[in-house]
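Visitor: To be precise about what I am sending: the file is called start-v4.tsv and holds TSV, C-alpha atoms.
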```
chain	number	residue	atom	x	y	z
A	1	MET	CA	0.00	0.00	0.00
A	2	ASP	CA	1.37	3.31	-1.01
A	3	ILE	CA	1.45	6.11	1.57
A	4	PRO	CA	1.18	9.51	0.07
A	5	ASN	CA	4.23	11.72	0.42
A	6	GLY	CA	2.25	14.32	2.34
A	7	LYS	CA	1.36	11.88	5.09
A	8	ILE	CA	4.94	10.63	5.30
A	9	ASN	CA	6.12	14.17	5.65
A	10	VAL	CA	3.56	14.86	8.40
A	11	PHE	CA	4.62	11.66	10.16
A	12	LEU	CA	8.29	12.52	9.83
A	13	ASP	CA	7.61	16.05	11.09
A	14	ALA	CA	5.73	14.62	14.08
A	15	VAL	CA	8.58	12.18	14.84
A	16	GLN	CA	11.09	15.00	14.43
A	17	SER	CA	9.05	17.21	16.75
A	18	LEU	CA	8.85	14.47	19.39
A	19	ALA	CA	12.57	13.83	19.02
A	20	ASN	CA	13.26	17.55	19.42
A	21	GLU	CA	11.08	17.72	22.53
A	22	GLU	CA	12.85	14.70	24.01
A	23	CYS	CA	16.26	16.24	23.24
A	24	GLU	CA	15.20	19.51	24.85
A	25	LYS	CA	13.89	17.59	27.88
A	26	ILE	CA	17.14	15.64	28.12
A	27	ASP	CA	19.12	18.91	27.75
A	28	ARG	CA	17.06	20.53	30.53
A	29	GLU	CA	17.49	17.53	32.83
A	30	THR	CA	21.20	17.39	32.04
A	31	GLU	CA	21.55	21.12	32.74
A	32	SER	CA	19.62	20.72	36.01
A	33	VAL	CA	21.79	17.77	37.12
A	34	ARG	CA	24.92	19.65	36.06
A	35	ALA	CA	23.81	22.75	37.97
A	36	GLN	CA	22.98	20.68	41.08
A	37	ARG	CA	26.32	18.89	40.97
A	38	LEU	CA	28.17	22.13	40.33
A	39	GLY	CA	26.33	23.75	43.27
A	40	ALA	CA	27.16	20.77	45.49
A	41	LEU	CA	30.81	20.89	44.41
A	42	GLU	CA	30.95	24.65	45.02
A	43	GLN	CA	29.37	24.20	48.49
A	44	GLU	CA	31.79	21.39	49.30
A	45	ALA	CA	34.72	23.50	48.11
A	46	LYS	CA	33.44	26.44	50.17
A	47	THR	CA	33.01	24.25	53.26
A	48	ARG	CA	36.50	22.77	52.84
A	49	SER	CA	37.95	26.22	52.22
A	50	GLU	CA	36.28	27.63	55.34
A	51	ALA	CA	37.40	24.65	57.43
A	52	TYR	CA	40.97	24.99	56.14
A	53	ALA	CA	40.94	28.75	56.74
A	54	ALA	CA	39.61	28.21	60.29
A	55	TYR	CA	42.30	25.59	60.92
A	56	GLU	CA	45.05	27.87	59.59
A	57	ILE	CA	43.76	30.83	61.61
A	58	SER	CA	43.63	28.65	64.73
A	59	ARG	CA	47.16	27.35	64.08
A	60	ILE	CA	48.50	30.86	63.43
A	61	ASN	CA	46.80	32.15	66.60
A	62	ALA	CA	48.26	29.27	68.63
A	63	ASP	CA	51.75	29.94	67.20
A	64	PHE	CA	51.35	33.67	67.86
A	65	ASN	CA	50.15	33.11	71.43
A	66	ARG	CA	53.04	30.72	72.05
A	67	GLU	CA	55.55	33.25	70.71
A	68	ILE	CA	53.99	36.03	72.83
A	69	SER	CA	54.11	33.78	75.88
A	70	ASP	CA	57.75	32.90	75.20
A	71	LEU	CA	58.62	36.58	74.74
A	72	GLU	CA	56.79	37.54	77.95
A	73	GLU	CA	58.55	34.78	79.86
A	74	ALA	CA	61.95	35.82	78.48
A	75	SER	CA	61.21	39.46	79.28
A	76	ARG	CA	60.08	38.58	82.81
A	77	LYS	CA	63.23	36.47	83.27
A	78	ARG	CA	65.47	39.35	82.09
A	79	LEU	CA	63.60	41.76	84.35
A	80	THR	CA	63.92	39.40	87.30
A	81	GLU	CA	67.65	38.95	86.64
A	82	ARG	CA	68.11	42.72	86.34
A	83	ARG	CA	66.12	43.33	89.53
A	84	THR	CA	68.15	40.69	91.37
A	85	ALA	CA	71.40	42.22	90.10
A	86	LEU	CA	70.35	45.72	91.21
A	87	GLU	CA	69.13	44.44	94.58
A	88	THR	CA	72.38	42.54	95.09
A	89	GLN	CA	74.44	45.57	94.11
A	90	VAL	CA	72.55	47.89	96.47
A	91	PHE	CA	72.57	45.50	99.42
A	92	ASP	CA	76.20	44.52	98.90
A	93	ARG	CA	76.97	48.20	99.44
A	94	VAL	CA	74.66	48.26	102.47
A	95	CYS	CA	76.39	45.21	103.95
A	96	GLU	CA	79.79	46.80	103.36
A	97	ARG	CA	78.64	49.96	105.16
A	98	LEU	CA	77.33	47.80	108.01
A	99	ARG	CA	80.64	45.95	108.16
A	100	GLN	CA	82.38	49.30	108.50
A	101	PHE	CA	79.88	50.33	111.18
A	102	THR	CA	80.43	47.14	113.22
A	103	ALA	CA	84.16	47.88	113.13
A	104	SER	CA	83.65	51.44	114.37
A	105	ASP	CA	83.61	52.87	117.90
A	106	GLY	CA	79.89	53.58	117.65
A	107	TYR	CA	78.97	49.89	117.35
A	108	ARG	CA	79.58	49.22	121.06
A	109	ALA	CA	77.10	51.97	122.04
A	110	PHE	CA	74.63	50.65	119.46
A	111	LEU	CA	74.75	47.14	121.00
A	112	GLN	CA	74.32	48.54	124.51
A	113	SER	CA	71.28	50.61	123.52
A	114	SER	CA	69.78	47.76	121.49
A	115	ALA	CA	70.25	45.25	124.34
A	116	LYS	CA	68.67	47.57	126.89
A	117	LYS	CA	65.58	48.17	124.71
A	118	ALA	CA	65.23	44.51	123.71
A	119	VAL	CA	65.49	43.23	127.30
A	120	GLN	CA	62.81	45.72	128.33
A	121	ALA	CA	60.64	44.68	125.36
A	122	VAL	CA	60.62	40.96	126.21
A	123	GLY	CA	60.21	41.59	129.95
A	124	GLY	CA	60.73	38.87	132.51
A	125	LYS	CA	63.33	38.55	135.23
A	126	THR	CA	65.88	36.66	133.15
A	127	ALA	CA	66.97	36.91	129.55
A	128	THR	CA	69.61	35.66	127.13
A	129	VAL	CA	71.29	38.03	124.70
A	130	TYR	CA	72.57	36.44	121.48
A	131	LEU	CA	75.49	38.00	119.64
A	132	ARG	CA	77.72	37.06	116.71
A	133	ALA	CA	80.78	35.14	117.84
A	134	GLU	CA	82.99	38.07	116.79
A	135	ASP	CA	80.88	40.42	118.95
A	136	LEU	CA	81.35	38.45	122.18
A	137	SER	CA	84.10	40.92	123.04
A	138	PHE	CA	81.26	43.40	123.76
A	139	ALA	CA	79.55	41.00	126.23
A	140	ASP	CA	80.56	42.96	129.35
A	141	ALA	CA	79.33	46.25	127.85
A	142	VAL	CA	76.02	44.61	126.87
A	143	LEU	CA	75.57	43.07	130.32
A	144	ALA	CA	76.28	46.41	131.99
A	145	ALA	CA	73.60	48.11	129.87
A	146	CYS	CA	70.87	45.56	130.62
A	147	GLY	CA	70.63	45.92	134.39
A	148	ALA	CA	68.87	42.55	134.72
A	149	ASP	CA	69.71	38.88	135.19
A	150	VAL	CA	71.10	38.40	131.66
A	151	THR	CA	73.48	35.94	130.03
A	152	VAL	CA	75.23	36.30	126.71
A	153	GLU	CA	75.62	33.54	124.10
A	154	ALA	CA	76.92	33.29	120.56
A	155	ASP	CA	74.43	32.81	117.71
A	156	ALA	CA	75.83	31.61	114.37
A	157	SER	CA	72.68	32.70	112.52
A	158	ILE	CA	73.58	36.36	113.07
A	159	ARG	CA	75.84	37.30	110.18
A	160	LEU	CA	75.87	41.09	109.97
A	161	GLY	CA	75.66	42.11	113.61
A	162	GLY	CA	73.20	43.35	116.17
A	163	LEU	CA	71.57	41.03	118.67
A	164	LYS	CA	68.59	38.96	119.71
A	165	VAL	CA	67.12	38.72	123.18
A	166	ARG	CA	65.01	35.84	124.50
A	167	SER	CA	63.27	36.13	127.85
A	168	GLY	CA	63.09	33.27	130.32
A	169	GLU	CA	59.44	32.91	129.25
A	170	GLY	CA	60.46	32.43	125.62
A	171	LEU	CA	59.60	35.85	124.16
A	172	LEU	CA	62.06	36.87	121.43
A	173	ALA	CA	63.15	40.33	120.29
A	174	ASP	CA	65.19	40.37	117.09
A	175	ASP	CA	67.22	43.55	116.65
A	176	THR	CA	69.88	42.06	114.39
A	177	LEU	CA	71.24	44.02	111.48
A	178	ASP	CA	70.28	40.96	109.40
A	179	ALA	CA	66.58	41.45	110.27
A	180	ARG	CA	66.81	45.17	109.60
A	181	VAL	CA	68.34	44.56	106.16
A	182	GLU	CA	65.61	42.04	105.25
A	183	THR	CA	62.94	44.56	106.25
A	184	GLN	CA	64.63	47.21	104.14
A	185	LYS	CA	64.82	44.86	101.15
A	186	ALA	CA	61.02	44.60	101.02
A	187	ARG	CA	60.68	48.38	101.37
A	188	PHE	CA	63.39	48.94	98.76
A	189	LEU	CA	61.57	46.78	96.17
A	190	ALA	CA	58.28	48.59	96.81
A	191	VAL	CA	59.74	52.11	96.82
A	192	SER	CA	62.10	51.55	93.88
A	193	GLY	CA	59.36	50.12	91.66
A	194	LEU	CA	61.35	46.93	91.09
A	195	SER	CA	58.64	44.65	92.46
A	196	LEU	CA	57.42	42.10	89.87
A	197	GLU	CA	54.17	41.24	91.64
A	198	GLU	CA	51.94	43.01	89.09
A	199	GLU	CA	53.67	41.41	86.09
A	200	GLN	CA	53.30	37.94	87.58
A	201	VAL	CA	49.59	38.23	88.28
```
Spell out the structure here as structure tokens.

Guide:
Amino acid sequence: MDIPNGKINVFLDAVQSLANEECEKIDRETESVRAQRLGALEQEAKTRSEAYAAYEISRINADFNREISDLEEASRKRLTERRTALETQVFDRVCERLRQFTASDGYRAFLQSSAKKAVQAVGGKTATVYLRAEDLSFADAVLAACGADVTVEADASIRLGGLKVRSGEGLLADDTLDARVETQKARFLAVSGLSLEEEQV
């Protein structure tokens, strides 16, 4: 049976039209899938990039904080060493002046006055005065100044001079030059501004 050319052409046009529609549909679906995948890849890349950036920032901050901490510690150490050197220098001079004082004529009167006040401060009927071994030569002068039942003994813990007095009841008065220097050290650090307490808080 012969099919007229017109009908064949209509049929072919219809097939071509359907084929074109299917191609367009496939193109649209392909473009949609491609766009979705591209969006997913872009989001994944963005997420990875943000995570990497956060990691790098965190690492850089940690390194920076560690360097700052190391620098602060080194600075504090240098400051402490400098403070210690200055303190040592100042108090070496103080100790030298005290050594000169304990070798002077005025030291005997100082011990007598100190002993009298310390014995009165601790009270009691009996007391023991403690001197450096090299100051035992002043024992008679110290005893004469006390006017009480007092004995004199050597005390190896006294390095710079002065004396301690302990009553028979156990009360102690420390008027050593050593104790005076230690008190002055604390005042010196506060007055001189060399105290590191604020930096260490």

Visitor: Quick check, in Å to one decimal: how far apart do atom CA of Glu22 of chain A and atom CA of Ala40 of chain A lie?

Guide: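 These atoms are spaced 26.5 Å apart.
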
Visitor: Please report the interatomic distance between atom CA of Ala139 of chain A and atom CA of Glu153 of chain A in Å with one decimal.

Guide: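 These atoms are spaced 8.7 Å apart.
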
Visitor: Please, what distance in Å, to one decimal, runs between atom CA of Asp149 of chain A and atom CA of Val129 of chain A?

Guide: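 It comes out at 10.6 Å.
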
Visitor: With distances taken over all atoms listed in the file, which of A:Val152, A:Ile60, A:Leu172, A:Ile158 is nearest to Gly123 of chain A?

Guide: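 Going through A:Val152, A:Ile60, A:Leu172, A:Ile158 one by one, the smallest distance to Gly123 of chain A is for A:Leu172.
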
Visitor: Between A:Ala127, A:Leu136, A:Leu163, A:Ala51, which is the closest to Ala148 of chain A once you count all atoms listed in the file?

Guide: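 Result for the nearest residue to Ala148 of chain A: A:Ala127.
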